[in-house]
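Visitor: The following file, upload.cif, comprises mmCIF, C-alpha atoms:
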data_protein
loop_
_atom_site.label_atom_id
_atom_site.label_comp_id
_atom_site.auth_asym_id
_atom_site.auth_seq_id
_atom_site.Cartn_x
_atom_site.Cartn_y
_atom_site.Cartn_z
CA MET A 356 57.04 129.60 85.28
CA LEU A 357 59.96 131.35 86.94
CA GLU A 358 60.80 134.95 86.08
CA THR A 359 63.64 135.34 83.59
CA SER A 360 66.28 136.34 86.15
CA ALA A 361 65.36 133.51 88.54
CA ARG A 362 65.24 131.06 85.64
CA LEU A 363 68.73 132.09 84.50
CA LEU A 364 70.10 131.48 87.98
CA ARG A 365 68.41 128.09 88.10
CA LEU A 366 69.78 127.22 84.64
CA LEU A 367 73.29 128.24 85.67
CA SER A 368 73.02 126.16 88.82
CA LEU A 369 72.02 123.10 86.77
CA LEU A 370 74.89 123.58 84.31
CA GLN A 371 77.34 123.66 87.22
CA THR A 372 76.16 120.37 88.72
CA ARG A 373 77.23 118.03 85.92
CA ALA A 374 79.24 118.03 82.71
CA ASP A 375 76.57 117.57 80.02
CA TRP A 376 72.86 118.34 79.66
CA THR A 377 70.53 117.85 76.71
CA GLY A 378 68.14 120.64 75.80
CA ALA A 379 65.20 118.38 76.61
CA GLU A 380 66.55 117.65 80.10
CA LEU A 381 67.02 121.34 80.86
CA ALA A 382 63.58 122.20 79.50
CA GLU A 383 62.01 119.53 81.73
CA ARG A 384 63.87 120.72 84.84
CA LEU A 385 62.97 124.36 84.22
CA GLN A 386 59.44 123.56 83.00
CA VAL A 387 59.88 125.63 79.85
CA SER A 388 60.11 124.93 76.13
CA PRO A 389 63.39 123.98 74.36
CA ARG A 390 63.15 127.33 72.56
CA THR A 391 63.19 129.16 75.91
CA VAL A 392 66.21 127.11 76.95
CA ARG A 393 68.05 128.24 73.82
CA TYR A 394 67.09 131.86 74.57
CA ASP A 395 68.34 131.58 78.16
CA ILE A 396 71.58 129.95 77.03
CA GLY A 397 72.14 132.97 74.80
CA LYS A 398 71.55 135.29 77.78
CA LEU A 399 74.14 133.43 79.85
CA ARG A 400 76.65 133.76 77.02
CA ASP A 401 75.98 137.49 76.87
CA LEU A 402 76.81 137.64 80.59
CA GLY A 403 80.18 135.94 79.98
CA TYR A 404 79.38 132.33 80.79
CA PRO A 405 81.01 130.02 78.19
CA VAL A 406 78.16 127.59 77.46
CA HIS A 407 79.16 125.22 74.66
CA ALA A 408 76.55 123.53 72.47
CA VAL A 409 76.80 120.30 70.46
CA PRO A 410 74.18 120.02 67.67
CA GLY A 411 72.27 116.87 66.77
CA VAL A 412 70.15 114.26 68.54
CA ALA A 413 72.96 113.30 70.94
CA GLY A 414 74.02 116.91 71.44
CA GLY A 415 73.50 119.19 74.40
CA TYR A 416 75.03 121.92 76.51
CA ARG A 417 78.14 122.12 78.65
CA LEU A 418 79.46 124.92 80.85
CA GLY A 419 83.04 125.32 79.67
CA ALA A 420 86.09 127.39 80.47
CA GLY A 421 86.30 130.96 79.29
CA ALA A 422 88.78 133.80 79.18
CA ALA A 423 87.60 135.15 82.54
CA LEU A 424 86.06 133.49 85.59
CA PRO A 425 82.35 134.32 85.82
CA PRO A 426 80.52 134.36 89.18
CA LEU A 427 79.66 130.96 90.66
CA LEU A 428 76.43 130.18 92.48
CA LEU A 429 76.74 128.67 95.95
CA ASP A 430 73.95 127.87 98.37
CA ASP A 431 74.50 128.23 102.13
CA GLU A 432 75.79 124.70 102.68
CA GLU A 433 78.12 124.88 99.67
CA ALA A 434 79.52 128.24 100.81
CA VAL A 435 80.28 126.86 104.29
CA ALA A 436 81.85 123.74 102.78
CA VAL A 437 84.09 125.81 100.50
CA ALA A 438 85.18 128.11 103.34
CA VAL A 439 86.00 125.20 105.65
CA SER A 440 87.83 123.37 102.86
CA LEU A 441 89.93 126.43 102.04
CA ARG A 442 90.97 126.86 105.66
CA THR A 443 91.84 123.17 105.88
CA ALA A 444 93.70 123.15 102.57
CA ALA A 445 95.81 126.14 103.67
CA GLY A 446 97.66 123.73 105.94
CA GLY A 447 96.89 120.44 104.21
CA THR A 448 98.40 117.88 101.87
CA VAL A 449 98.06 119.64 98.50
CA THR A 450 101.30 121.11 97.21
CA GLY A 451 101.70 124.83 96.57
CA ILE A 452 98.20 126.10 97.28
CA GLU A 453 98.54 127.41 100.84
CA GLU A 454 98.84 131.10 99.93
CA THR A 455 96.22 130.80 97.19
CA CYS A 456 93.76 129.26 99.65
CA VAL A 457 94.26 132.10 102.10
CA ARG A 458 93.57 134.70 99.37
CA ALA A 459 90.47 132.87 98.16
CA LEU A 460 89.21 132.44 101.72
CA ALA A 461 89.59 136.17 102.39
CA LYS A 462 87.46 136.98 99.34
CA LEU A 463 84.79 134.45 100.26
CA GLU A 464 84.50 135.43 103.92
CA GLN A 465 84.16 139.08 102.90
CA VAL A 466 80.83 138.35 101.22
CA LEU A 467 79.53 135.61 103.52
CA PRO A 468 76.43 136.59 105.51
CA SER A 469 77.17 136.98 109.21
CA ARG A 470 75.22 133.81 110.10
CA LEU A 471 77.49 131.76 107.81
CA ARG A 472 80.69 133.46 109.00
CA ARG A 473 79.76 132.43 112.56
CA ARG A 474 79.28 128.83 111.46
CA VAL A 475 82.66 128.74 109.73
CA ALA A 476 84.39 130.43 112.68
CA ALA A 477 82.83 127.95 115.12
CA LEU A 478 83.97 124.96 113.09
CA HIS A 479 87.56 126.16 113.05
CA GLY A 480 87.59 127.63 116.53
CA TYR A 481 86.74 124.28 118.08
CA THR A 482 88.68 122.01 115.73
CA THR A 483 92.31 121.06 116.33
CA PRO A 484 93.96 119.42 113.30
CA LEU A 485 96.73 116.89 113.80
CA ALA A 486 99.89 117.09 111.73
CA HIS A 487 99.31 114.88 108.70
CA GLY A 488 102.91 113.78 108.17
CA GLY A 489 102.13 112.30 104.78
CA PRO A 490 103.32 113.13 101.25
CA THR A 491 101.74 116.06 99.42
CA VAL A 492 100.24 115.94 95.94
CA ALA A 493 99.87 118.54 93.20
CA ALA A 494 96.54 120.35 92.99
CA ASP A 495 96.35 119.90 89.21
CA THR A 496 96.75 116.13 89.63
CA LEU A 497 93.78 116.03 92.01
CA ALA A 498 91.76 118.22 89.65
CA THR A 499 92.54 115.95 86.68
CA ILE A 500 91.48 112.83 88.57
CA ALA A 501 88.32 114.45 89.95
CA ALA A 502 87.31 115.60 86.44
CA ALA A 503 87.80 112.07 85.08
CA CYS A 504 85.60 110.69 87.88
CA ARG A 505 82.93 113.30 87.16
CA ASP A 506 82.99 112.90 83.36
CA ARG A 507 83.29 109.09 83.51
CA ARG A 508 86.37 108.97 81.34
CA ARG A 509 89.09 106.37 81.58
CA LEU A 510 92.25 107.67 83.20
CA ARG A 511 95.73 106.76 81.95
CA PHE A 512 98.68 107.31 84.26
CA GLY A 513 102.17 106.25 85.12
CA TYR A 514 102.37 104.55 88.51
CA ARG A 515 105.33 103.90 90.81
CA ARG A 516 104.97 100.74 92.86
CA HIS A 517 106.21 100.11 96.40
CA ASP A 518 109.43 98.62 95.03
CA GLY A 519 110.08 101.64 92.79
CA THR A 520 109.22 100.01 89.47
CA GLU A 521 107.18 102.06 86.99
CA THR A 522 104.04 100.84 85.22
CA VAL A 523 101.39 102.38 82.99
CA ARG A 524 97.80 101.82 84.13
CA GLU A 525 94.38 102.56 82.66
CA VAL A 526 91.42 102.64 85.04
CA GLU A 527 87.80 103.68 85.24
CA PRO A 528 88.10 106.21 88.10
CA TYR A 529 85.49 105.90 90.84
CA ARG A 530 86.45 108.08 93.81
CA LEU A 531 89.27 110.05 95.41
CA VAL A 532 89.79 109.09 99.06
CA HIS A 533 91.69 111.19 101.60
CA THR A 534 92.70 109.44 104.83
CA GLY A 535 94.20 112.52 106.49
CA ARG A 536 97.69 111.25 105.65
CA ARG A 537 97.48 110.38 101.96
CA TRP A 538 95.29 110.68 98.86
CA TYR A 539 94.09 107.54 97.05
CA LEU A 540 92.32 106.84 93.79
CA VAL A 541 89.85 103.95 93.76
CA GLY A 542 88.94 102.64 90.31
CA TRP A 543 88.32 99.64 88.08
CA ASP A 544 91.62 98.46 86.61
CA ALA A 545 90.88 97.41 83.02
CA SER A 546 93.98 95.25 82.59
CA ARG A 547 93.45 93.39 85.88
CA ASP A 548 89.66 93.22 85.62
CA GLY A 549 89.04 94.31 89.19
CA TRP A 550 88.82 97.18 91.66
CA ARG A 551 92.14 98.63 92.75
CA THR A 552 93.45 101.43 94.99
CA PHE A 553 96.33 103.72 93.95
CA ARG A 554 98.33 106.25 95.95
CA VAL A 555 97.96 109.60 94.20
CA ASP A 556 101.44 110.81 95.18
CA ARG A 557 102.86 107.92 93.11
CA LEU A 558 100.63 108.67 90.13
CA THR A 559 101.36 110.82 87.04
CA PRO A 560 98.34 111.41 84.76
CA ARG A 561 98.89 111.04 81.03
CA THR A 562 97.04 112.84 78.26
CA PRO A 563 94.76 112.62 76.49
CA ASP A 564 92.04 111.09 78.65
CA GLY A 565 90.65 107.75 77.59
CA PRO A 566 87.16 107.06 76.23
CA ARG A 567 83.97 107.41 78.24
CA PHE A 568 82.79 104.38 80.20
CA THR A 569 79.50 103.16 81.57
CA PRO A 570 79.61 103.21 85.39
CA ARG A 571 79.72 99.82 87.04
CA GLU A 572 77.87 98.87 90.16
CA ASP A 573 79.39 100.53 93.21
CA PRO A 574 82.17 98.47 94.77
CA PRO A 575 81.48 96.61 98.04
CA ALA A 576 81.06 98.98 100.97
CA ASP A 577 84.28 97.75 102.60
CA LEU A 578 86.40 97.94 99.44
CA VAL A 579 87.61 101.51 99.96
CA PRO A 580 88.84 101.11 103.56
CA ARG A 581 90.36 97.71 102.75
CA GLY A 582 91.97 99.05 99.60
CA VAL A 583 93.48 101.97 101.48
CA ASP A 584 94.61 99.65 104.25
CA ALA A 585 96.28 97.40 101.71
CA ALA A 586 97.98 100.37 100.06
CA LEU A 587 99.36 101.51 103.40
CA ALA A 588 100.58 98.08 104.43
CA HIS A 589 104.04 96.87 103.48
CA HIS A 590 103.88 94.04 106.03
CA ARG A 591 101.07 91.53 106.55
CA ALA A 592 100.42 88.51 108.74
CA ARG A 593 97.73 85.90 109.42
CA VAL A 594 97.27 85.73 113.17
CA THR A 595 95.33 82.95 114.90
CA VAL A 596 93.57 84.55 117.87
CA HIS A 597 91.98 82.57 120.68
CA ALA A 598 88.84 84.66 120.99
CA PRO A 599 85.47 84.75 119.17
CA ALA A 600 85.49 86.55 115.81
CA GLY A 601 82.62 88.82 116.87
CA GLU A 602 84.51 89.96 119.96
CA ILE A 603 87.69 90.76 118.02
CA SER A 604 85.78 92.52 115.20
CA GLU A 605 84.43 95.05 117.70
CA HIS A 606 87.97 96.20 118.54
CA VAL A 607 89.57 96.46 115.08
CA PRO A 608 88.90 98.82 112.14
CA ALA A 609 86.39 97.77 109.49
CA SER A 610 89.29 97.41 107.03
CA VAL A 611 90.72 94.45 109.00
CA LEU A 612 89.45 91.05 107.87
CA VAL A 613 88.50 88.72 110.75
CA GLU A 614 87.60 85.13 109.78
CA PRO A 615 85.94 82.82 112.33
CA VAL A 616 87.47 79.37 112.77
CA ASP A 617 85.18 78.05 115.51
CA ALA A 618 83.21 79.49 118.42
CA GLY A 619 86.35 80.54 120.30
CA THR A 620 88.98 81.07 117.60
CA CYS A 621 89.44 83.36 114.60
CA VAL A 622 92.06 84.42 112.09
CA VAL A 623 92.94 88.12 111.85
CA HIS A 624 94.56 89.42 108.67
CA ALA A 625 96.76 92.13 110.21
CA SER A 626 98.81 94.68 108.28
CA ALA A 627 100.93 97.79 108.85
CA ASP A 628 103.61 99.90 107.19
CA THR A 629 106.40 98.73 109.55
CA PRO A 630 107.08 95.42 111.37
CA TYR A 631 107.01 97.23 114.73
CA ARG A 632 103.54 98.67 114.09
CA LEU A 633 102.35 95.29 112.89
CA ALA A 634 103.58 93.78 116.16
CA MET A 635 101.76 96.45 118.16
CA HIS A 636 98.54 95.80 116.22
CA VAL A 637 98.80 92.11 117.12
CA LEU A 638 99.45 92.84 120.81
CA MET A 639 96.53 95.29 120.97
CA LEU A 640 94.13 92.46 120.11
CA ASP A 641 94.31 91.75 123.87
CA ALA A 642 93.97 87.99 123.48
CA ALA A 643 96.17 84.92 123.26
CA PHE A 644 97.48 84.46 119.73
CA GLU A 645 99.74 82.36 117.50
CA VAL A 646 101.69 83.68 114.55
CA GLY A 647 104.27 81.90 112.40
CA GLY A 648 105.66 84.84 110.42
CA PRO A 649 106.80 86.78 108.60
CA PRO A 650 110.31 86.81 110.12
CA GLU A 651 110.40 90.58 110.56
CA LEU A 652 107.21 90.41 112.66
CA LEU A 653 108.67 87.68 114.85
CA ASP A 654 111.84 89.76 115.35
CA ALA A 655 109.75 92.79 116.34
CA LEU A 656 107.74 90.73 118.83
CA ASP A 657 110.97 89.33 120.32
CA ARG A 658 112.39 92.85 120.79
CA ILE A 659 109.18 94.06 122.43
CA ALA A 660 109.07 91.00 124.71
CA GLY A 661 112.69 91.58 125.73
CA ARG A 662 112.04 95.23 126.58
CA VAL A 663 108.96 94.34 128.61
CA ALA A 664 110.82 91.62 130.52
CA ALA A 665 113.75 93.95 131.22
CA GLY A 666 111.44 96.71 132.41
CA VAL A 667 109.51 94.43 134.74
CA SER A 668 112.75 92.87 136.14
CA SER A 669 114.32 96.24 136.93
CA ARG A 670 111.19 97.37 138.77
CA ARG A 671 111.08 94.21 140.88
CA ALA A 672 114.76 94.54 141.71
#
Could you render the structure from this file as structure tokens?

Guide:
Amino acid sequence: MLETSARLLRLLSLLQTRADWTGAELAERLQVSPRTVRYDIGKLRDLGYPVHAVPGVAGGYRLGAGAALPPLLLDDEEAVAVAVSLRTAAGGTVTGIEETCVRALAKLEQVLPSRLRRRVAALHGYTTPLAHGGPTVAADTLATIAAACRDRRRLRFGYRRHDGTETVREVEPYRLVHTGRRWYLVGWDASRDGWRTFRVDRLTPRTPDGPRFTPREDPPADLVPRGVDAALAHHRARVTVHAPAGEISEHVPASVLVEPVDAGTCVVHASADTPYRLAMHVLMLDAAFEVGGPPELLDALDRIAGRVAAGVSSRRA
């Protein structure tokens, strides 16, 4: 059995890893009796940790919010992850937290062992971030969504579509995805009976949270990149490409659907946020192709072809 102080630290670490624990689960993890668990919970409360208890067979313990922030336990990897995240967030896509991140980072780096400070410094010293150029989102919105994912509670929110219309959605939240430009929520849409992807900057959470849900099987491995790709794309096209599907698949992102037609032909489902970028995606396939629309894609291809022809003609002249 662990000594009392070590056991308290282990108990606190467990309480921080998930929302709810039963007394029996904690006793099994700590290899002590339920009575000892109750004693240790009391000790944590005496130290200022707000551990809430729910009586009964289905009851348990939860580490809640208190009047003051008690110390948090971080192992080496978690400490490095937090430090790197704070430095990144100081210039990232979350609204209004830049100065707060810098203050928190200063406090954390002050107590980091020298070996960990060197790791954090190396990561940032040899990393050059690109300007994200995307919309920012509120930190409390991200926190609300992350908590709903963790606690497996349905999330209700107002959502603004591409065309500006407003809807109210209710989903079983699965994951937050950050592409470097935008934040997305991936979840099971109850009203549409399927997995969907939502841009977080167009999302306004509503309270209270919905009921708890039983997690479904994980979505297909390619759902998240395809969902994000679909959310980014305002313009789409089916392009017949005169090259084997396997050859084309090696040169496009996993989010792009490539369907074989025969041994030497395939159909690529291309998409982009502007007609010009969609045209460039098609040209970068580096193979003969046929496309019948949409009209804005054909116009973009005509403009590009005209510029290329004019540039080549002037050089030959």

Visitor: Can you list, as a JSON list (two decimals) with C-alpha atoms, in the frame of the given file, every protein, DNA or RNA residue that comes within 10 Å of Pro389 (chain A) when you count all atoms listed in the file, leaving out same-chain residues fewer than 5 positions away?

Guide:
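And here is the file that came out, out.json:
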[["chain", "number", "residue", "atom", "x", "y", "z"],
["A", 377, "THR", "CA", 70.53, 117.85, 76.71],
["A", 378, "GLY", "CA", 68.14, 120.64, 75.80],
["A", 379, "ALA", "CA", 65.20, 118.38, 76.61],
["A", 380, "GLU", "CA", 66.55, 117.65, 80.10],
["A", 381, "LEU", "CA", 67.02, 121.34, 80.86],
["A", 382, "ALA", "CA", 63.58, 122.20, 79.50],
["A", 383, "GLU", "CA", 62.01, 119.53, 81.73],
["A", 394, "TYR", "CA", 67.09, 131.86, 74.57],
["A", 395, "ASP", "CA", 68.34, 131.58, 78.16]]

Visitor: Counting all atoms listed in the file, which residues come within 6 Å of (84.8, 83.9, 119.7), with the point read in the file's coordinates, and could you list them as a PDB file with C-alpha atoms, in the frame of the given file?

Guide:
ATOM      1  CA  ALA A 598      88.840  84.660 120.990  1.00  0.00           C
ATOM      2  CA  PRO A 599      85.470  84.750 119.170  1.00  0.00           C
ATOM      3  CA  ALA A 600      85.490  86.550 115.810  1.00  0.00           C
ATOM      4  CA  ALA A 618      83.210  79.490 118.420  1.00  0.00           C
ATOM      5  CA  GLY A 619      86.350  80.540 120.300  1.00  0.00           C
ATOM      6  CA  THR A 620      88.980  81.070 117.600  1.00  0.00           C
TER       7      THR A 620
END

Visitor: Could you jot down the CA of Arg593 (chain A) to CA of Asp548 (chain A) separation for me, Å, one decimal place?

Guide: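 Result for CA of Arg593 (chain A) versus CA of Asp548 (chain A): 26.2 Å, one decimal.
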
Visitor: Might you spell out which residues the PyMOL selection byres ((chain A and resi 437) around 12) would select in the displayed file, as a ChimeraX atom specification?

Guide: /A:427-436,438-444,456,459-464,467,471-472,475

Visitor: Within 6 Å of Gly542 (chain A), counting only C-alpha atoms, which residues qualify if same-chain residues fewer than 4 places away don't, as a compact mmCIF listing (two decimals) with C-alpha atoms, in the frame of the given file?

Guide:
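Written out: result36.txt:
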# COMPACT_ATOMS: atom_id res chain seq x y z
CA VAL A 526 91.42 102.64 85.04
CA GLU A 527 87.80 103.68 85.24
CA PRO A 528 88.10 106.21 88.10
CA TYR A 529 85.49 105.90 90.84
CA TRP A 550 88.82 97.18 91.66
CA ARG A 551 92.14 98.63 92.75

Visitor: Measure the distance from CA of Ile500 (chain A) to CA of Gly565 (chain A) in Å and round it to one decimal.

Guide: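 Spanning CA of Ile500 (chain A) to CA of Gly565 (chain A) is a straight-line distance of 12.1 Å.
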
Visitor: Pick the closest to Thr562 (chain A) from A:Gly519, A:Gly648, A:Gly513, A:Gly419: which is it, counting all atoms listed in the file?

Guide: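 Using all atoms listed in the file, the shortest distance to Thr562 (chain A) belongs to A:Gly513.
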
Visitor: Starting from the point (63.5, 131.1, 83.1), work out which residues of protein, DNA or RNA have an atom no more than 9 Å away when counting only C-alpha atoms; state them as a PyMOL selection string.

Guide: chain A and resi 356-366+385-387+391-392+395

Visitor: Just give me the gap between CA of Ile603 (chain A) and CA of Pro615 (chain A) in Å, one decimal is fine.

Guide: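 Taking CA of Ile603 (chain A) and CA of Pro615 (chain A), their separation equals 9.9 Å.
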
Visitor: Translate the PyMOL selection byres ((chain A and resi 655-663) around 9), as applied to the file shown, into an explicit residue set as an NGL selection string.

Guide: :A and (630-635 or 638 or 650-654 or 664-668)

Visitor: Just add N, CA, C and O atoms to region 594-607 of chain A and send it as a compact mmCIF listing (two decimals), in the coordinates of the input.

Guide:
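Contents of result.txt, freshly written:
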# COMPACT_ATOMS: atom_id res chain seq x y z
N VAL A 594 97.10 85.97 111.74
CA VAL A 594 97.27 85.73 113.17
C VAL A 594 96.09 84.91 113.68
O VAL A 594 94.93 85.32 113.52
N THR A 595 96.38 83.75 114.27
CA THR A 595 95.33 82.95 114.90
C THR A 595 95.10 83.47 116.31
O THR A 595 96.03 83.49 117.13
N VAL A 596 93.90 83.93 116.58
CA VAL A 596 93.57 84.55 117.87
C VAL A 596 92.57 83.67 118.61
O VAL A 596 91.56 83.23 118.04
N HIS A 597 92.85 83.43 119.86
CA HIS A 597 91.98 82.57 120.68
C HIS A 597 90.91 83.42 121.36
O HIS A 597 90.91 83.65 122.57
N ALA A 598 89.99 83.87 120.53
CA ALA A 598 88.84 84.66 120.99
C ALA A 598 87.80 84.61 119.88
O ALA A 598 88.14 84.41 118.71
N PRO A 599 86.52 84.79 120.21
CA PRO A 599 85.47 84.75 119.17
C PRO A 599 85.66 85.86 118.14
O PRO A 599 86.11 86.97 118.47
N ALA A 600 85.33 85.57 116.89
CA ALA A 600 85.49 86.55 115.81
C ALA A 600 84.68 87.82 116.08
O ALA A 600 85.13 88.93 115.84
N GLY A 601 83.45 87.65 116.60
CA GLY A 601 82.62 88.82 116.87
C GLY A 601 83.23 89.74 117.91
O GLY A 601 83.15 90.97 117.79
N GLU A 602 83.87 89.16 118.91
CA GLU A 602 84.51 89.96 119.96
C GLU A 602 85.70 90.74 119.40
O GLU A 602 85.87 91.93 119.70
N ILE A 603 86.52 90.09 118.59
CA ILE A 603 87.69 90.76 118.02
C ILE A 603 87.27 91.83 117.01
O ILE A 603 87.85 92.93 116.96
N SER A 604 86.24 91.56 116.22
CA SER A 604 85.78 92.52 115.20
C SER A 604 85.35 93.84 115.81
O SER A 604 85.45 94.90 115.18
N GLU A 605 84.87 93.81 117.04
CA GLU A 605 84.43 95.05 117.70
C GLU A 605 85.59 95.96 118.06
O GLU A 605 85.39 97.15 118.30
N HIS A 606 86.82 95.43 118.07
CA HIS A 606 87.97 96.20 118.54
C HIS A 606 88.99 96.49 117.44
O HIS A 606 90.07 97.01 117.73
N VAL A 607 88.66 96.18 116.19
CA VAL A 607 89.57 96.46 115.08
C VAL A 607 88.84 97.28 114.03
O VAL A 607 87.61 97.26 113.97
